[in-house]
file query-v8.txt (compact mmCIF, C-alpha atoms (C1' of nucleotides))
# COMPACT_ATOMS: atom_id res chain seq x y z
CA MET H 21 0.00 0.00 0.00
CA LYS H 22 1.15 3.51 -0.51
CA GLY H 23 1.28 4.04 3.24
CA ASP H 24 -0.61 7.29 3.37
CA VAL H 25 -4.04 5.81 2.81
CA LEU H 26 -6.30 5.45 5.80
CA GLY H 27 -8.04 2.08 5.95
CA GLU H 28 -11.77 1.87 6.53
CA PHE H 29 -11.64 0.75 10.16
CA GLU H 30 -8.71 3.05 10.86
CA GLU H 31 -10.74 5.99 9.66
CA ILE H 32 -13.72 5.15 11.85
CA ILE H 33 -11.53 4.68 14.91
CA LEU H 34 -9.73 7.94 14.20
CA LEU H 35 -13.07 9.72 13.97
CA ILE H 36 -14.15 8.22 17.28
CA VAL H 37 -10.91 9.40 18.89
CA GLY H 38 -11.74 12.88 17.68
CA VAL H 39 -15.29 12.72 18.93
CA LEU H 40 -14.26 11.51 22.38
CA GLY H 41 -11.72 14.28 22.77
CA GLN H 42 -9.89 14.06 26.08
CA ASP H 43 -11.11 10.65 27.13
CA ALA H 44 -10.29 8.46 24.18
CA TYR H 45 -8.93 5.14 25.38
CA GLY H 46 -9.28 1.51 24.30
CA LEU H 47 -12.43 0.32 26.00
CA GLY H 48 -14.13 3.69 25.79
CA ILE H 49 -13.47 3.81 22.07
CA ARG H 50 -14.90 0.35 21.68
CA ASP H 51 -18.07 1.39 23.51
CA GLU H 52 -18.43 4.62 21.57
CA LEU H 53 -17.94 2.74 18.31
CA GLU H 54 -20.84 0.49 19.16
CA LYS H 55 -22.98 3.37 20.31
CA GLN H 56 -22.32 5.51 17.25
CA THR H 57 -22.28 2.92 14.51
CA GLY H 58 -23.94 -0.17 15.94
CA ARG H 59 -20.79 -2.03 15.06
CA SER H 60 -19.14 -4.23 17.67
CA ALA H 61 -15.45 -4.97 17.72
CA ALA H 62 -13.14 -7.07 19.82
CA ILE H 63 -10.98 -5.02 22.12
CA GLY H 64 -7.85 -6.42 20.50
CA ALA H 65 -9.00 -5.11 17.14
CA VAL H 66 -9.37 -1.62 18.54
CA HIS H 67 -5.96 -1.59 20.18
CA ALA H 68 -4.22 -3.03 17.13
CA THR H 69 -5.75 -0.28 15.03
CA LEU H 70 -4.81 2.43 17.53
CA ASN H 71 -1.23 1.20 17.48
CA ARG H 72 -1.17 1.34 13.71
CA LEU H 73 -2.61 4.85 13.72
CA GLN H 74 0.09 5.90 16.15
CA GLU H 75 2.83 4.38 13.97
CA LYS H 76 1.51 6.45 11.09
CA GLY H 77 1.53 9.58 13.20
CA TYR H 78 -2.23 10.11 13.12
CA VAL H 79 -2.65 9.86 16.90
CA GLU H 80 -0.47 10.36 19.96
CA SER H 81 -0.91 8.67 23.32
CA GLY H 82 0.06 8.94 26.95
CA MET H 83 -0.76 7.18 30.19
CA LYS H 84 -3.33 8.70 32.49
CA GLU H 85 -3.80 7.66 36.11
CA GLY H 86 -6.85 5.63 36.96
CA THR H 87 -10.00 6.80 38.66
CA GLN H 88 -11.30 5.70 42.06
CA GLU H 89 -13.97 3.43 40.67
CA ARG H 90 -13.78 -0.28 41.13
CA GLY H 91 -10.96 -1.66 39.00
CA GLY H 92 -10.25 1.76 37.56
CA ARG H 93 -6.82 1.16 36.13
CA ARG H 94 -4.63 3.68 34.39
CA LYS H 95 -5.53 4.21 30.78
CA ARG H 96 -3.64 4.92 27.65
CA VAL H 97 -5.41 7.95 26.24
CA PHE H 98 -5.16 8.91 22.60
CA GLN H 99 -5.54 12.17 20.80
CA MET H 100 -5.57 13.08 17.17
CA THR H 101 -2.57 14.83 15.65
CA GLY H 102 -2.59 17.50 12.97
CA LEU H 103 -1.55 14.83 10.51
CA GLY H 104 -4.54 12.74 11.56
CA LYS H 105 -6.86 15.67 11.07
CA LYS H 106 -5.44 16.27 7.63
CA ALA H 107 -5.89 12.61 6.67
CA LEU H 108 -9.53 12.81 7.71
CA THR H 109 -10.25 15.98 5.79
CA ASP H 110 -8.51 14.61 2.70
CA SER H 111 -10.60 11.48 2.90
CA LYS H 112 -13.74 13.54 3.38
CA ASP H 113 -12.96 15.75 0.40
CA VAL H 114 -12.64 12.77 -1.92
CA ARG H 115 -15.92 11.29 -0.75
CA VAL H 116 -17.88 14.51 -0.84
CA ASN H 117 -16.62 15.16 -4.33
CA LEU H 118 -17.69 11.73 -5.56
CA TRP H 119 -21.02 11.83 -3.77
CA SER H 120 -21.82 15.11 -5.44
CA GLN H 121 -21.52 13.37 -8.78
CA LEU H 122 -24.00 10.68 -7.84
CA PRO H 123 -27.42 12.31 -7.74
CA ASP H 124 -28.95 8.84 -7.98
CA LEU H 125 -27.94 8.17 -4.44
CA ASN H 126 -30.37 9.71 -2.02
CA ILE H 127 -27.65 11.86 -0.66
CA GLY H 128 -28.69 15.02 1.07
CA LYS H 129 -26.88 17.73 2.91
CA VAL H 130 -24.53 17.06 5.80
CA MET Y 30 -13.87 -9.76 8.63
CA LYS Y 31 -17.57 -9.56 9.05
CA GLY Y 32 -18.10 -9.68 5.31
CA ASP Y 33 -20.59 -6.88 5.01
CA VAL Y 34 -18.13 -4.08 5.57
CA LEU Y 35 -16.98 -2.17 2.53
CA GLY Y 36 -13.22 -1.67 2.49
CA GLU Y 37 -11.77 1.75 1.82
CA PHE Y 38 -10.59 1.04 -1.71
CA GLU Y 39 -13.70 -0.97 -2.47
CA GLU Y 40 -15.82 2.01 -1.55
CA ILE Y 41 -13.89 4.39 -3.79
CA ILE Y 42 -14.04 1.99 -6.71
CA LEU Y 43 -17.76 1.48 -6.17
CA LEU Y 44 -18.27 5.24 -6.20
CA ILE Y 45 -16.31 5.53 -9.45
CA VAL Y 46 -18.45 2.80 -11.01
CA GLY Y 47 -21.48 4.86 -10.09
CA VAL Y 48 -20.01 8.05 -11.47
CA LEU Y 49 -19.05 6.44 -14.77
CA GLY Y 50 -22.52 5.00 -15.28
CA GLN Y 51 -22.76 3.00 -18.48
CA ASP Y 52 -19.09 2.88 -19.31
CA ALA Y 53 -17.49 1.54 -16.16
CA TYR Y 54 -14.81 -0.96 -17.05
CA GLY Y 55 -11.37 -1.82 -15.72
CA LEU Y 56 -9.03 0.59 -17.44
CA GLY Y 57 -11.60 3.37 -17.54
CA ILE Y 58 -12.15 3.04 -13.83
CA ARG Y 59 -8.43 3.19 -13.23
CA ASP Y 60 -8.18 6.39 -15.28
CA GLU Y 61 -11.18 7.99 -13.60
CA LEU Y 62 -9.79 7.08 -10.19
CA GLU Y 63 -6.61 8.94 -10.98
CA LYS Y 64 -8.48 11.89 -12.43
CA GLN Y 65 -10.88 12.21 -9.51
CA THR Y 66 -8.61 11.43 -6.60
CA GLY Y 67 -5.06 11.83 -7.88
CA ARG Y 68 -4.49 8.29 -6.74
CA SER Y 69 -2.88 5.80 -9.08
CA ALA Y 70 -3.51 2.09 -8.93
CA ALA Y 71 -2.23 -0.95 -10.76
CA ILE Y 72 -4.76 -2.43 -13.13
CA GLY Y 73 -4.61 -5.72 -11.26
CA ALA Y 74 -5.63 -4.00 -8.05
CA VAL Y 75 -8.66 -2.48 -9.75
CA HIS Y 76 -9.81 -5.77 -11.20
CA ALA Y 77 -9.25 -7.68 -7.99
CA THR Y 78 -11.41 -5.13 -6.21
CA LEU Y 79 -14.13 -5.26 -8.85
CA ASN Y 80 -14.23 -9.04 -8.54
CA ARG Y 81 -14.63 -8.76 -4.78
CA LEU Y 82 -17.40 -6.21 -5.17
CA GLN Y 83 -19.16 -8.55 -7.54
CA GLU Y 84 -18.81 -11.48 -5.14
CA LYS Y 85 -20.44 -9.34 -2.49
CA GLY Y 86 -23.27 -8.43 -4.82
CA TYR Y 87 -22.46 -4.71 -4.95
CA VAL Y 88 -21.87 -4.65 -8.71
CA GLU Y 89 -22.91 -6.72 -11.71
CA SER Y 90 -20.97 -7.12 -14.93
CA GLY Y 91 -21.39 -8.17 -18.51
CA MET Y 92 -19.28 -8.20 -21.65
CA LYS Y 93 -19.72 -5.41 -24.13
CA GLU Y 94 -18.43 -5.55 -27.70
CA GLY Y 95 -15.41 -3.43 -28.53
CA THR Y 96 -15.38 -0.14 -30.36
CA GLN Y 97 -13.73 0.60 -33.69
CA GLU Y 98 -10.72 2.32 -32.25
CA ARG Y 99 -7.33 0.78 -32.57
CA GLY Y 100 -7.10 -2.24 -30.31
CA GLY Y 101 -10.56 -1.60 -28.95
CA ARG Y 102 -11.28 -4.96 -27.39
CA ARG Y 103 -14.50 -6.03 -25.76
CA LYS Y 104 -14.84 -4.80 -22.23
CA ARG Y 105 -16.30 -6.14 -19.06
CA VAL Y 106 -18.60 -3.35 -17.97
CA PHE Y 107 -19.78 -2.99 -14.41
CA GLN Y 108 -22.79 -1.39 -12.87
CA MET Y 109 -23.83 -0.81 -9.32
CA THR Y 110 -26.62 -2.90 -7.82
CA GLY Y 111 -29.24 -1.80 -5.32
CA LEU Y 112 -27.25 -3.54 -2.65
CA GLY Y 113 -24.18 -1.55 -3.66
CA LYS Y 114 -26.11 1.67 -3.46
CA LYS Y 115 -27.35 0.74 -0.02
CA ALA Y 116 -23.84 -0.05 1.17
CA LEU Y 117 -22.68 3.36 -0.02
CA THR Y 118 -25.46 5.24 1.68
CA ASP Y 119 -24.94 3.30 4.91
CA SER Y 120 -21.27 4.15 4.83
CA LYS Y 121 -22.07 7.77 4.12
CA ASP Y 122 -24.54 8.00 7.00
CA VAL Y 123 -21.95 6.80 9.50
CA ARG Y 124 -19.37 9.28 8.29
CA VAL Y 125 -21.69 12.23 8.08
CA ASN Y 126 -22.87 11.51 11.60
CA LEU Y 127 -19.35 11.40 12.98
CA TRP Y 128 -18.19 14.43 11.01
CA SER Y 129 -21.03 16.45 12.42
CA GLN Y 130 -19.64 15.80 15.89
CA LEU Y 131 -16.22 17.09 14.96
CA PRO Y 132 -16.51 20.86 14.61
CA ASP Y 133 -12.74 21.07 14.96
CA LEU Y 134 -12.37 19.66 11.50
CA ASN Y 135 -12.93 22.32 8.91
CA ILE Y 136 -15.86 20.44 7.60
CA GLY Y 137 -18.44 22.37 5.69
CA LYS Y 138 -21.55 21.42 3.83
CA VAL Y 139 -21.60 18.77 1.14
C1' DT S 7 1.83 -11.50 -41.14
C1' DC S 8 3.68 -8.74 -37.58
C1' DT S 9 3.32 -4.82 -34.61
C1' DT S 10 0.78 -1.92 -31.62
C1' DT S 11 -2.92 -0.88 -28.69
C1' DT S 12 -6.54 -2.06 -25.61
C1' DG S 13 -8.10 -4.95 -22.20
C1' DC S 14 -8.57 -8.79 -18.81
C1' DT S 15 -6.73 -12.74 -15.87
C1' DC S 16 -3.52 -14.90 -12.82
C1' DT S 17 -0.19 -15.07 -9.12
C1' DC S 18 2.06 -13.14 -5.40
C1' DT S 19 3.23 -10.03 -1.43
C1' DT S 20 2.12 -6.52 2.01
C1' DT S 21 -1.12 -4.07 4.86
C1' DT S 22 -5.57 -3.95 7.35
C1' DG S 23 -9.10 -5.98 9.89
C1' DT S 24 -10.50 -9.13 13.50
C1' DA S 25 -10.56 -12.07 17.54
C1' DG S 26 -9.39 -13.60 21.92
C1' DA S 27 -6.15 -15.24 25.42
C1' DA S 28 -2.90 -13.60 28.68
C1' DC S 29 -1.44 -10.46 31.81
C1' DA S 30 -1.55 -6.36 35.14
C1' DA S 31 -3.32 -3.30 38.60
C1' DA S 32 -6.85 -1.46 41.36
C1' DT S 33 -10.92 -2.01 44.52
C1' DA S 34 -14.22 -5.15 47.09
C1' DT S 35 -15.26 -8.71 50.19
C1' DC S 36 -14.74 -11.91 53.79
C1' DG M 17 -4.53 -10.07 54.28
C1' DA M 18 -5.99 -13.43 50.84
C1' DT M 19 -8.95 -13.92 47.16
C1' DA M 20 -12.36 -12.40 43.88
C1' DT M 21 -13.91 -9.00 40.67
C1' DT M 22 -13.49 -5.25 37.55
C1' DT M 23 -11.07 -2.34 34.40
C1' DG M 24 -7.49 -2.08 31.27
C1' DT M 25 -3.63 -3.12 28.00
C1' DT M 26 -0.48 -6.27 25.41
C1' DC M 27 0.57 -10.27 22.74
C1' DT M 28 -0.25 -13.75 19.28
C1' DA M 29 -2.67 -15.45 15.27
C1' DC M 30 -5.11 -15.53 11.25
C1' DA M 31 -8.42 -13.83 7.52
C1' DA M 32 -9.51 -10.34 4.26
C1' DA M 33 -8.37 -6.35 1.52
C1' DA M 34 -4.95 -3.64 -0.99
C1' DG M 35 -1.65 -3.52 -4.35
C1' DA M 36 1.79 -4.74 -8.05
C1' DG M 37 2.92 -6.52 -12.33
C1' DA M 38 3.66 -10.36 -15.59
C1' DG M 39 1.27 -12.64 -19.01
C1' DC M 40 -2.25 -13.62 -22.23
C1' DA M 41 -5.93 -12.39 -25.73
C1' DA M 42 -8.17 -9.83 -29.32
C1' DA M 43 -8.68 -6.12 -32.50
C1' DA M 44 -6.78 -2.72 -35.83
C1' DG M 45 -3.02 -0.89 -38.70
C1' DA M 46 0.77 -1.30 -41.77

call {"tool": "encode", "arguments": {"input": "query-v8.txt", "output": "structure tokens"}}
result
Amino acid sequence: MKGDVLGEFEEIILLIVGVLGQDAYGLGIRDELEKQTGRSAAIGAVHATLNRLQEKGYVESGMKEGTQERGGRRKRVFQMTGLGKKALTDSKDVRVNLWSQLPDLNIGKV
Amino acid sequence: MKGDVLGEFEEIILLIVGVLGQDAYGLGIRDELEKQTGRSAAIGAVHATLNRLQEKGYVESGMKEGTQERGGRRKRVFQMTGLGKKALTDSKDVRVNLWSQLPDLNIGKV
DNA sequence: TCTTTTGCTCTCTTTTGTAGAACAAATATC
DNA sequence: GATATTTGTTCTACAAAAGAGAGCAAAAGA
């Protein structure tokens, strides 16, 4: 692959990281994914994807101390980088452009 | 994979098939891809993807006799099915929903 | 007939997508 | 305090998608 292309699942996970803002971590991302898209994923799949996104420079991560709730361990929290944001907007531009050429699809306004 | 998820490249190719309408065939799709997205692809990659889309029921294909131009061989022309259209709109809905929650991205109207 | 052009098929490798077991640390409970 | 329970991440594997390009086939031109 050319290396700069964002895979389908990578893109969704990156969007979720953006939506969650300051509290984007493995399990939370998995839950938000299910809530937002109805799509379930194994936790390993989410973490593998986050690691790949980090290798590509689309997210950064750091450890954050746990909360006082039962079992509340420290989390690895992720946040989108400028590069990640650019990848998302590039991807969006391509899709919006193609959608606009397909009036047959019942595609409305965002 | 779950089988019903449209890969990133699959989605772009499916969109191009829709845009091209009646004249969507291998080489033409490759050219249009480059024209629309600036992204080049080997012809084998395009055909492999078209075959996968057909296996999933997102496109149909048939042979069409060649033109009179030099070397104009018969082509395998593709067209989107209702299922393909549905997959595209589903994918679009998820993205539009997530984009709308990311005001940080300079995302405007479609 | 032989060359050139258009076009598809076949084979192979790399990257993504997916799952789940294993492991670690914190609180709860007795 | 020993053990169970809950929240998390990491590690290991494998399947599917992405991608490249050689090779083959057919049509037109010379």

call {"tool": "closest_residue", "arguments": {"input": "query-v8.txt", "among": "H:Tyr45, H:Tyr78, H:Phe98, H:Trp119", "to": "chain Y", "atoms": "only C-alpha atoms"}}
result
H:Trp119

call {"tool": "calpha_fit_and_write", "arguments": {"input": "query-v8.txt", "fixed": "chain Y", "moving": "chain H", "output": "tab-separated table (two decimals) with C-alpha atoms, in the coordinates of the input"}}
result
chain	number	residue	atom	x	y	z
H	21	MET	CA	-14.33	-9.56	8.93
H	22	LYS	CA	-18.05	-9.39	9.25
H	23	GLY	CA	-18.41	-9.56	5.48
H	24	ASP	CA	-20.78	-6.67	5.06
H	25	VAL	CA	-18.23	-3.94	5.58
H	26	LEU	CA	-16.96	-2.13	2.53
H	27	GLY	CA	-13.19	-1.67	2.54
H	28	GLU	CA	-11.66	1.71	1.82
H	29	PHE	CA	-10.49	0.98	-1.72
H	30	GLU	CA	-13.63	-1.01	-2.45
H	31	GLU	CA	-15.73	1.98	-1.53
H	32	ILE	CA	-13.80	4.35	-3.78
H	33	ILE	CA	-13.98	1.95	-6.71
H	34	LEU	CA	-17.69	1.44	-6.14
H	35	LEU	CA	-18.20	5.20	-6.17
H	36	ILE	CA	-16.26	5.49	-9.41
H	37	VAL	CA	-18.42	2.77	-10.96
H	38	GLY	CA	-21.44	4.82	-10.02
H	39	VAL	CA	-20.00	8.01	-11.40
H	40	LEU	CA	-19.06	6.42	-14.72
H	41	GLY	CA	-22.52	4.98	-15.19
H	42	GLN	CA	-22.79	2.99	-18.40
H	43	ASP	CA	-19.12	2.89	-19.27
H	44	ALA	CA	-17.50	1.54	-16.15
H	45	TYR	CA	-14.81	-0.95	-17.07
H	46	GLY	CA	-11.35	-1.82	-15.77
H	47	LEU	CA	-9.05	0.62	-17.51
H	48	GLY	CA	-11.62	3.39	-17.60
H	49	ILE	CA	-12.14	3.04	-13.87
H	50	ARG	CA	-8.42	3.20	-13.31
H	51	ASP	CA	-8.20	6.42	-15.33
H	52	GLU	CA	-11.19	7.99	-13.62
H	53	LEU	CA	-9.76	7.08	-10.23
H	54	GLU	CA	-6.60	8.96	-11.04
H	55	LYS	CA	-8.50	11.89	-12.46
H	56	GLN	CA	-10.88	12.20	-9.53
H	57	THR	CA	-8.60	11.43	-6.62
H	58	GLY	CA	-5.06	11.83	-7.91
H	59	ARG	CA	-4.46	8.29	-6.79
H	60	SER	CA	-2.85	5.83	-9.18
H	61	ALA	CA	-3.44	2.11	-9.03
H	62	ALA	CA	-2.18	-0.90	-10.89
H	63	ILE	CA	-4.74	-2.35	-13.24
H	64	GLY	CA	-4.60	-5.67	-11.40
H	65	ALA	CA	-5.59	-3.94	-8.19
H	66	VAL	CA	-8.66	-2.47	-9.83
H	67	HIS	CA	-9.80	-5.75	-11.33
H	68	ALA	CA	-9.21	-7.69	-8.12
H	69	THR	CA	-11.35	-5.18	-6.27
H	70	LEU	CA	-14.09	-5.28	-8.90
H	71	ASN	CA	-14.19	-9.05	-8.63
H	72	ARG	CA	-14.52	-8.83	-4.88
H	73	LEU	CA	-17.31	-6.27	-5.18
H	74	GLN	CA	-19.11	-8.58	-7.56
H	75	GLU	CA	-18.75	-11.54	-5.18
H	76	LYS	CA	-20.37	-9.41	-2.50
H	77	GLY	CA	-23.20	-8.48	-4.81
H	78	TYR	CA	-22.39	-4.77	-4.91
H	79	VAL	CA	-21.83	-4.69	-8.68
H	80	GLU	CA	-22.91	-6.74	-11.68
H	81	SER	CA	-21.01	-7.12	-14.93
H	82	GLY	CA	-21.43	-8.15	-18.53
H	83	MET	CA	-19.34	-8.19	-21.68
H	84	LYS	CA	-19.76	-5.39	-24.17
H	85	GLU	CA	-18.45	-5.53	-27.73
H	86	GLY	CA	-15.44	-3.43	-28.57
H	87	THR	CA	-15.36	-0.18	-30.47
H	88	GLN	CA	-13.71	0.45	-33.84
H	89	GLU	CA	-10.72	2.25	-32.41
H	90	ARG	CA	-7.29	0.76	-32.61
H	91	GLY	CA	-7.09	-2.23	-30.29
H	92	GLY	CA	-10.61	-1.62	-29.05
H	93	ARG	CA	-11.31	-4.96	-27.45
H	94	ARG	CA	-14.52	-6.03	-25.79
H	95	LYS	CA	-14.87	-4.79	-22.26
H	96	ARG	CA	-16.34	-6.12	-19.11
H	97	VAL	CA	-18.63	-3.33	-17.98
H	98	PHE	CA	-19.79	-3.01	-14.40
H	99	GLN	CA	-22.79	-1.42	-12.84
H	100	MET	CA	-23.81	-0.86	-9.28
H	101	THR	CA	-26.57	-2.97	-7.76
H	102	GLY	CA	-29.19	-1.86	-5.26
H	103	LEU	CA	-27.17	-3.61	-2.59
H	104	GLY	CA	-24.12	-1.60	-3.62
H	105	LYS	CA	-26.08	1.62	-3.42
H	106	LYS	CA	-27.30	0.70	0.03
H	107	ALA	CA	-23.76	-0.09	1.21
H	108	LEU	CA	-22.63	3.33	0.01
H	109	THR	CA	-25.44	5.22	1.69
H	110	ASP	CA	-24.91	3.30	4.93
H	111	SER	CA	-21.24	4.16	4.85
H	112	LYS	CA	-22.05	7.78	4.11
H	113	ASP	CA	-24.53	8.00	6.97
H	114	VAL	CA	-21.97	6.81	9.49
H	115	ARG	CA	-19.38	9.30	8.29
H	116	VAL	CA	-21.71	12.25	8.09
H	117	ASN	CA	-22.93	11.51	11.58
H	118	LEU	CA	-19.40	11.40	12.99
H	119	TRP	CA	-18.25	14.44	11.07
H	120	SER	CA	-21.12	16.43	12.48
H	121	GLN	CA	-19.76	15.74	15.94
H	122	LEU	CA	-16.33	17.08	15.08
H	123	PRO	CA	-16.66	20.84	14.74
H	124	ASP	CA	-12.89	21.08	15.14
H	125	LEU	CA	-12.44	19.69	11.70
H	126	ASN	CA	-12.92	22.36	9.09
H	127	ILE	CA	-15.82	20.47	7.70
H	128	GLY	CA	-18.33	22.43	5.72
H	129	LYS	CA	-21.41	21.57	3.78
H	130	VAL	CA	-21.46	18.96	1.04

call {"tool": "closest_atom_pairs", "arguments": {"input": "query-v8.txt", "of": "segment 25-108 of chain H", "to": "segment 29-39 of chain M", "cutoff": "12 Å", "atoms": "only C-alpha atoms (C1' of nucleotides)", "output": "CSV"}}
result
residue,atom,partner,partner_atom,distance
H:Val25,CA,M:DA34,C1',10.2
H:Leu26,CA,M:DA34,C1',11.4
H:Gly27,CA,M:DA34,C1',9.5
H:Glu28,CA,M:DA33,C1',10.2
H:Phe29,CA,M:DA33,C1',11.7
H:Gly64,CA,M:DA29,C1',11.7

call {"tool": "residues_around", "arguments": {"input": "query-v8.txt", "residues": "Lys104 of chain Y", "least_positions_apart": "2", "cutoff": "7 Å", "atoms": "only C-alpha atoms (C1' of nucleotides)", "output": "PyMOL selection string"}}
result
(chain Y and resi 54+92-95+102+106) or (chain S and resi 13)

call {"tool": "residues_near_point", "arguments": {"input": "query-v8.txt", "point": "(-5.7, -14.7, -14.4)", "cutoff": "9 Å", "atoms": "only C-alpha atoms (C1' of nucleotides)", "output": "PyMOL selection string"}}
result
(chain S and resi 14-17) or (chain M and resi 39-40)

call {"tool": "write_last_selection", "arguments": {"input": "query-v8.txt", "atoms": "C-alpha atoms (C1' of nucleotides)", "output": "PDB file, in the frame of the given file"}}
result
ATOM      1  C1'  DC S  14      -8.570  -8.790 -18.810  1.00  0.00           C
ATOM      2  C1'  DT S  15      -6.730 -12.740 -15.870  1.00  0.00           C
ATOM      3  C1'  DC S  16      -3.520 -14.900 -12.820  1.00  0.00           C
ATOM      4  C1'  DT S  17      -0.190 -15.070  -9.120  1.00  0.00           C
TER       5       DT S  17
ATOM      6  C1'  DG M  39       1.270 -12.640 -19.010  1.00  0.00           C
ATOM      7  C1'  DC M  40      -2.250 -13.620 -22.230  1.00  0.00           C
TER       8       DC M  40
END

call {"tool": "atom_distance", "arguments": {"input": "query-v8.txt", "atom1": "atom CA of Leu134 of chain Y", "atom2": "atom CA of Gln99 of chain H"}}
result
13.8 Å

call {"tool": "residues_around", "arguments": {"input": "query-v8.txt", "residues": "Val88 of chain Y", "least_positions_apart": "3", "cutoff": "10 Å", "atoms": "only C-alpha atoms (C1' of nucleotides)", "output": "count of residues only"}}
result
19

call {"tool": "closest_residue", "arguments": {"input": "query-v8.txt", "among": "Y:Gly55, Y:Gly67, Y:Gly100, Y:Gly50", "to": "Asp110 of chain H", "atoms": "all atoms listed in the file"}}
result
Y:Gly67

call {"tool": "residues_around", "arguments": {"input": "query-v8.txt", "residues": "Arg59 of chain H", "least_positions_apart": "3", "cutoff": "12 Å", "atoms": "all atoms listed in the file", "output": "PyMOL selection string"}}
result
(chain H and resi 29+32-33+49-56+62+66) or (chain Y and resi 31+33-34+120+123)

call {"tool": "write_last_selection", "arguments": {"input": "query-v8.txt", "atoms": "C-alpha atoms", "output": "PDB file, in the frame of the given file"}}
result
ATOM      1  CA  PHE H  29     -11.640   0.750  10.160  1.00  0.00           C
ATOM      2  CA  ILE H  32     -13.720   5.150  11.850  1.00  0.00           C
ATOM      3  CA  ILE H  33     -11.530   4.680  14.910  1.00  0.00           C
ATOM      4  CA  ILE H  49     -13.470   3.810  22.070  1.00  0.00           C
ATOM      5  CA  ARG H  50     -14.900   0.350  21.680  1.00  0.00           C
ATOM      6  CA  ASP H  51     -18.070   1.390  23.510  1.00  0.00           C
ATOM      7  CA  GLU H  52     -18.430   4.620  21.570  1.00  0.00           C
ATOM      8  CA  LEU H  53     -17.940   2.740  18.310  1.00  0.00           C
ATOM      9  CA  GLU H  54     -20.840   0.490  19.160  1.00  0.00           C
ATOM     10  CA  LYS H  55     -22.980   3.370  20.310  1.00  0.00           C
ATOM     11  CA  GLN H  56     -22.320   5.510  17.250  1.00  0.00           C
ATOM     12  CA  ALA H  62     -13.140  -7.070  19.820  1.00  0.00           C
ATOM     13  CA  VAL H  66      -9.370  -1.620  18.540  1.00  0.00           C
TER      14      VAL H  66
ATOM     15  CA  LYS Y  31     -17.570  -9.560   9.050  1.00  0.00           C
ATOM     16  CA  ASP Y  33     -20.590  -6.880   5.010  1.00  0.00           C
ATOM     17  CA  VAL Y  34     -18.130  -4.080   5.570  1.00  0.00           C
ATOM     18  CA  SER Y 120     -21.270   4.150   4.830  1.00  0.00           C
ATOM     19  CA  VAL Y 123     -21.950   6.800   9.500  1.00  0.00           C
TER      20      VAL Y 123
END

call {"tool": "atom_distance", "arguments": {"input": "query-v8.txt", "atom1": "atom C1' of DA43 of chain M", "atom2": "atom CA of Leu49 of chain Y"}}
result
24.1 Å

call {"tool": "decode", "arguments": {"input": "query-v8.txt", "residues": "chain M", "atoms": "C-alpha atoms (C1' of nucleotides)", "output": "CSV table (one decimal), in the first residue's frame"}}
result
chain,number,residue,atom,x,y,z
M,17,DG,C1',-4.5,-10.1,54.3
M,18,DA,C1',-6.0,-13.4,50.8
M,19,DT,C1',-9.0,-13.9,47.2
M,20,DA,C1',-12.4,-12.4,43.9
M,21,DT,C1',-13.9,-9.0,40.7
M,22,DT,C1',-13.5,-5.3,37.5
M,23,DT,C1',-11.1,-2.3,34.4
M,24,DG,C1',-7.5,-2.1,31.3
M,25,DT,C1',-3.6,-3.1,28.0
M,26,DT,C1',-0.5,-6.3,25.4
M,27,DC,C1',0.6,-10.3,22.7
M,28,DT,C1',-0.2,-13.7,19.3
M,29,DA,C1',-2.7,-15.4,15.3
M,30,DC,C1',-5.1,-15.5,11.3
M,31,DA,C1',-8.4,-13.8,7.5
M,32,DA,C1',-9.5,-10.3,4.3
M,33,DA,C1',-8.4,-6.4,1.5
M,34,DA,C1',-5.0,-3.6,-1.0
M,35,DG,C1',-1.7,-3.5,-4.4
M,36,DA,C1',1.8,-4.7,-8.0
M,37,DG,C1',2.9,-6.5,-12.3
M,38,DA,C1',3.7,-10.4,-15.6
M,39,DG,C1',1.3,-12.6,-19.0
M,40,DC,C1',-2.2,-13.6,-22.2
M,41,DA,C1',-5.9,-12.4,-25.7
M,42,DA,C1',-8.2,-9.8,-29.3
M,43,DA,C1',-8.7,-6.1,-32.5
M,44,DA,C1',-6.8,-2.7,-35.8
M,45,DG,C1',-3.0,-0.9,-38.7
M,46,DA,C1',0.8,-1.3,-41.8
